[in-house]
$ cat work-v3.pdb   # PDB, C-alpha atoms, pLDDT in the B column
ATOM      1  CA  MET H1414       4.850   9.081  -7.187  1.00 87.00           C
ATOM      2  CA  THR H1415       4.699   5.499  -8.373  1.00 93.00           C
ATOM      3  CA  PRO H1416       3.757   4.702 -11.992  1.00 93.00           C
ATOM      4  CA  ARG H1417       0.349   3.583 -10.717  1.00 94.00           C
ATOM      5  CA  ASP H1418      -0.112   6.924  -8.918  1.00 93.00           C
ATOM      6  CA  LEU H1419       0.890   8.848 -12.038  1.00 94.00           C
ATOM      7  CA  LEU H1420      -1.487   6.874 -14.216  1.00 95.00           C
ATOM      8  CA  ALA H1421      -4.427   7.409 -11.859  1.00 94.00           C
ATOM      9  CA  TRP H1422      -3.630  11.129 -11.524  1.00 94.00           C
ATOM     10  CA  ASN H1423      -3.307  11.761 -15.261  1.00 95.00           C
ATOM     11  CA  VAL H1424      -6.275   9.698 -16.409  1.00 96.00           C
ATOM     12  CA  ARG H1425      -8.547  11.526 -13.961  1.00 94.00           C
ATOM     13  CA  LYS H1426      -7.045  14.927 -14.840  1.00 93.00           C
ATOM     14  CA  LEU H1427      -7.432  14.425 -18.599  1.00 95.00           C
ATOM     15  CA  ARG H1428     -10.868  12.830 -18.263  1.00 95.00           C
ATOM     16  CA  VAL H1429     -12.223  15.706 -16.175  1.00 92.00           C
ATOM     17  CA  LYS H1430     -10.540  18.286 -18.425  1.00 91.00           C
ATOM     18  CA  ARG H1431     -12.473  16.832 -21.366  1.00 92.00           C
ATOM     19  CA  GLY H1432     -15.699  16.630 -19.364  1.00 91.00           C
ATOM     20  CA  LEU H1433     -15.968  12.850 -19.656  1.00 93.00           C
ATOM     21  CA  SER H1434     -17.527  10.665 -16.998  1.00 92.00           C
ATOM     22  CA  GLN H1435     -15.894   7.361 -16.164  1.00 93.00           C
ATOM     23  CA  GLU H1436     -18.818   5.710 -17.897  1.00 93.00           C
ATOM     24  CA  ARG H1437     -18.371   7.731 -21.103  1.00 94.00           C
ATOM     25  CA  LEU H1438     -14.593   7.146 -21.151  1.00 96.00           C
ATOM     26  CA  ALA H1439     -15.123   3.418 -20.687  1.00 96.00           C
ATOM     27  CA  LEU H1440     -17.796   3.291 -23.398  1.00 96.00           C
ATOM     28  CA  GLU H1441     -15.672   5.139 -25.946  1.00 97.00           C
ATOM     29  CA  ALA H1442     -12.553   3.109 -25.068  1.00 97.00           C
ATOM     30  CA  GLN H1443     -14.550  -0.150 -25.219  1.00 97.00           C
ATOM     31  CA  LEU H1444     -13.669  -1.010 -21.627  1.00 96.00           C
ATOM     32  CA  GLU H1445     -15.719  -1.721 -18.507  1.00 94.00           C
ATOM     33  CA  ARG H1446     -16.606   1.310 -16.374  1.00 92.00           C
ATOM     34  CA  VAL H1447     -15.363  -0.527 -13.302  1.00 95.00           C
ATOM     35  CA  SER H1448     -11.921  -0.760 -14.966  1.00 95.00           C
ATOM     36  CA  ILE H1449     -11.719   3.037 -15.229  1.00 95.00           C
ATOM     37  CA  SER H1450     -12.895   3.414 -11.635  1.00 94.00           C
ATOM     38  CA  GLN H1451     -10.355   0.901 -10.368  1.00 95.00           C
ATOM     39  CA  LEU H1452      -7.613   2.515 -12.445  1.00 95.00           C
ATOM     40  CA  GLU H1453      -8.324   5.935 -10.936  1.00 94.00           C
ATOM     41  CA  ARG H1454      -8.373   4.395  -7.438  1.00 94.00           C
ATOM     42  CA  LYS H1455      -5.048   2.633  -8.094  1.00 94.00           C
ATOM     43  CA  GLN H1456      -6.557  -0.825  -7.652  1.00 94.00           C
ATOM     44  CA  VAL H1457      -5.793  -2.374 -11.042  1.00 93.00           C
ATOM     45  CA  ASN H1458      -3.070  -2.490 -13.674  1.00 89.00           C
ATOM     46  CA  LEU H1459      -4.442  -2.352 -17.190  1.00 91.00           C
ATOM     47  CA  GLY H1460      -2.621  -3.750 -20.185  1.00 93.00           C
ATOM     48  CA  VAL H1461      -0.874  -1.668 -22.816  1.00 94.00           C
ATOM     49  CA  ASP H1462      -3.703  -2.160 -25.309  1.00 96.00           C
ATOM     50  CA  SER H1463      -6.231  -0.783 -22.815  1.00 95.00           C
ATOM     51  CA  LEU H1464      -3.990   2.195 -22.040  1.00 96.00           C
ATOM     52  CA  GLY H1465      -3.741   2.837 -25.777  1.00 96.00           C
ATOM     53  CA  LYS H1466      -7.538   2.893 -26.073  1.00 96.00           C
ATOM     54  CA  ILE H1467      -7.793   5.309 -23.125  1.00 97.00           C
ATOM     55  CA  ALA H1468      -5.139   7.581 -24.647  1.00 97.00           C
ATOM     56  CA  ILE H1469      -7.027   7.708 -27.955  1.00 97.00           C
ATOM     57  CA  VAL H1470     -10.250   8.766 -26.234  1.00 97.00           C
ATOM     58  CA  LEU H1471      -8.394  11.313 -24.073  1.00 96.00           C
ATOM     59  CA  GLU H1472      -6.618  12.596 -27.204  1.00 96.00           C
ATOM     60  CA  CYS H1473      -3.120  12.152 -25.810  1.00 96.00           C
ATOM     61  CA  LYS H1474      -0.073   9.950 -26.241  1.00 96.00           C
ATOM     62  CA  VAL H1475       0.318   6.954 -23.917  1.00 95.00           C
ATOM     63  CA  PHE H1476       3.445   8.471 -22.336  1.00 95.00           C
ATOM     64  CA  GLU H1477       1.370  11.503 -21.261  1.00 94.00           C
ATOM     65  CA  LEU H1478      -0.501   9.203 -18.889  1.00 94.00           C
ATOM     66  CA  PHE H1479       2.744   8.908 -16.886  1.00 94.00           C
ATOM     67  CA  VAL H1480       3.859  12.568 -16.767  1.00 92.00           C
ATOM     68  CA  GLU H1481       4.791  13.916 -13.332  1.00 91.00           C
ATOM     69  CA  PRO H1482       2.453  16.693 -12.137  1.00 87.00           C
ATOM     70  CA  LYS H1483       3.937  20.151 -11.826  1.00 84.00           C
ATOM     71  CA  SER H1484       5.170  21.159  -8.399  1.00 83.00           C
ATOM     72  CA  GLY H1485       2.223  22.391  -6.351  1.00 79.00           C
ATOM     73  CA  GLU H1486      -0.368  21.222  -8.893  1.00 75.00           C
ATOM     74  CA  GLU H1487      -3.652  20.439  -7.190  1.00 79.00           C
ATOM     75  CA  ALA H1488      -5.025  16.930  -7.381  1.00 76.00           C
ATOM     76  CA  PRO H1489      -7.600  16.493 -10.143  1.00 76.00           C
ATOM     77  CA  SER H1490     -11.164  16.957  -9.003  1.00 73.00           C
ATOM     78  CA  ASN H1491     -14.220  14.947  -9.948  1.00 74.00           C
ATOM     79  CA  LEU H1492     -16.932  16.017 -12.331  1.00 70.00           C
ATOM     80  CA  PRO H1493     -20.174  17.185 -10.708  1.00 68.00           C
ATOM     81  CA  ARG H1494     -22.447  14.283  -9.843  1.00 68.00           C
ATOM     82  CA  GLY H1495     -25.424  13.340 -11.959  1.00 63.00           C
ATOM     83  CA  ARG H1496     -26.036  12.721 -15.588  1.00 62.00           C
ATOM     84  CA  LYS H1497     -25.891  15.429 -18.205  1.00 61.00           C
ATOM     85  CA  PRO H1498     -29.239  16.211 -19.809  1.00 54.00           C
TER
END

$ encode --input "work-v3.pdb" --output "structure tokens"
Amino acid sequence: MTPRDLLAWNVRKLRVKRGLSQERLALEAQLERVSISQLERKQVNLGVDSLGKIAIVLECKVFELFVEPKSGEEAPSNLPRGRKP
């Protein structure tokens, strides 16, 4: 996997694990929602400061955003559609 692939994989995995929508992650990290979407679709490279903000919200270290998935680990899924009540 490329660094961009790893970043997309881990951000989505950690975001879903914490039950955060892209919108909520972006809001708490003080970024644009489209930036999170593009990051997860491997369409943009964010700066180190932005990755630091994402790591804080996801409660992880920046290096954890680049960890190789375990062999056979399934790709991270999406949260169910719709807003939470």

$ residues_around --input "work-v3.pdb" --residues "Asn1491 of chain H" --least-positions-apart "6" --cutoff "9 Å" --atoms "all atoms listed in the file" --output "ChimeraX atom specification"
/H:1425-1426,1429,1434

$ write_last_selection --input "work-v3.pdb" --atoms "C-alpha atoms" --output "mmCIF file, keeping the file's coordinate frame"
data_model
loop_
_atom_site.group_PDB
_atom_site.id
_atom_site.type_symbol
_atom_site.label_atom_id
_atom_site.label_comp_id
_atom_site.auth_asym_id
_atom_site.auth_seq_id
_atom_site.Cartn_x
_atom_site.Cartn_y
_atom_site.Cartn_z
ATOM 1 C CA ARG H 1425 -8.547 11.526 -13.961
ATOM 2 C CA LYS H 1426 -7.045 14.927 -14.840
ATOM 3 C CA VAL H 1429 -12.223 15.706 -16.175
ATOM 4 C CA SER H 1434 -17.527 10.665 -16.998
#

$ resolve_selection --input "work-v3.pdb" --expression "the PyMOL selection byres ((chain H and resi 1453) around 8)" --output "list in words"
Leu1420, Ala1421, Trp1422, Val1424, Arg1425, Ile1449, Ser1450, Gln1451, Leu1452, Arg1454, Lys1455 and Gln1456 of chain H

$ closest_residue --input "work-v3.pdb" --among "H:Gly1460, H:Pro1489, H:Gly1432, H:Gly1465" --to "Glu1477 of chain H" --atoms "only C-alpha atoms"
H:Gly1465

$ residues_around --input "work-v3.pdb" --residues "segment 1480-1486 of chain H" --least-positions-apart "5" --cutoff "8 Å" --atoms "all atoms listed in the file" --output "count of residues only"
3

$ resolve_selection --input "work-v3.pdb" --expression "the PyMOL selection byres ((chain H and resi 1471) around 8)" --output "count of residues only"
9

$ resolve_selection --input "work-v3.pdb" --expression "the PyMOL selection byres ((chain H and resi 1443) around 12)" --output "list in words"
Gln1435, Glu1436, Arg1437, Leu1438, Ala1439, Leu1440, Glu1441, Ala1442, Leu1444, Glu1445, Arg1446, Val1447, Ser1448, Ile1449, Asp1462, Ser1463, Leu1464, Gly1465, Lys1466, Ile1467, Ile1469 and Val1470 of chain H

$ axis_aligned_box --input "work-v3.pdb" --around "segment 1423-1440 of chain H" --padding-each-side "4 Å" --output "lines of an AutoDock Vina configuration file"
center_x = -11.1
center_y = 10.8
center_z = -18.7
size_x = 23.5
size_y = 23.0
size_z = 17.4
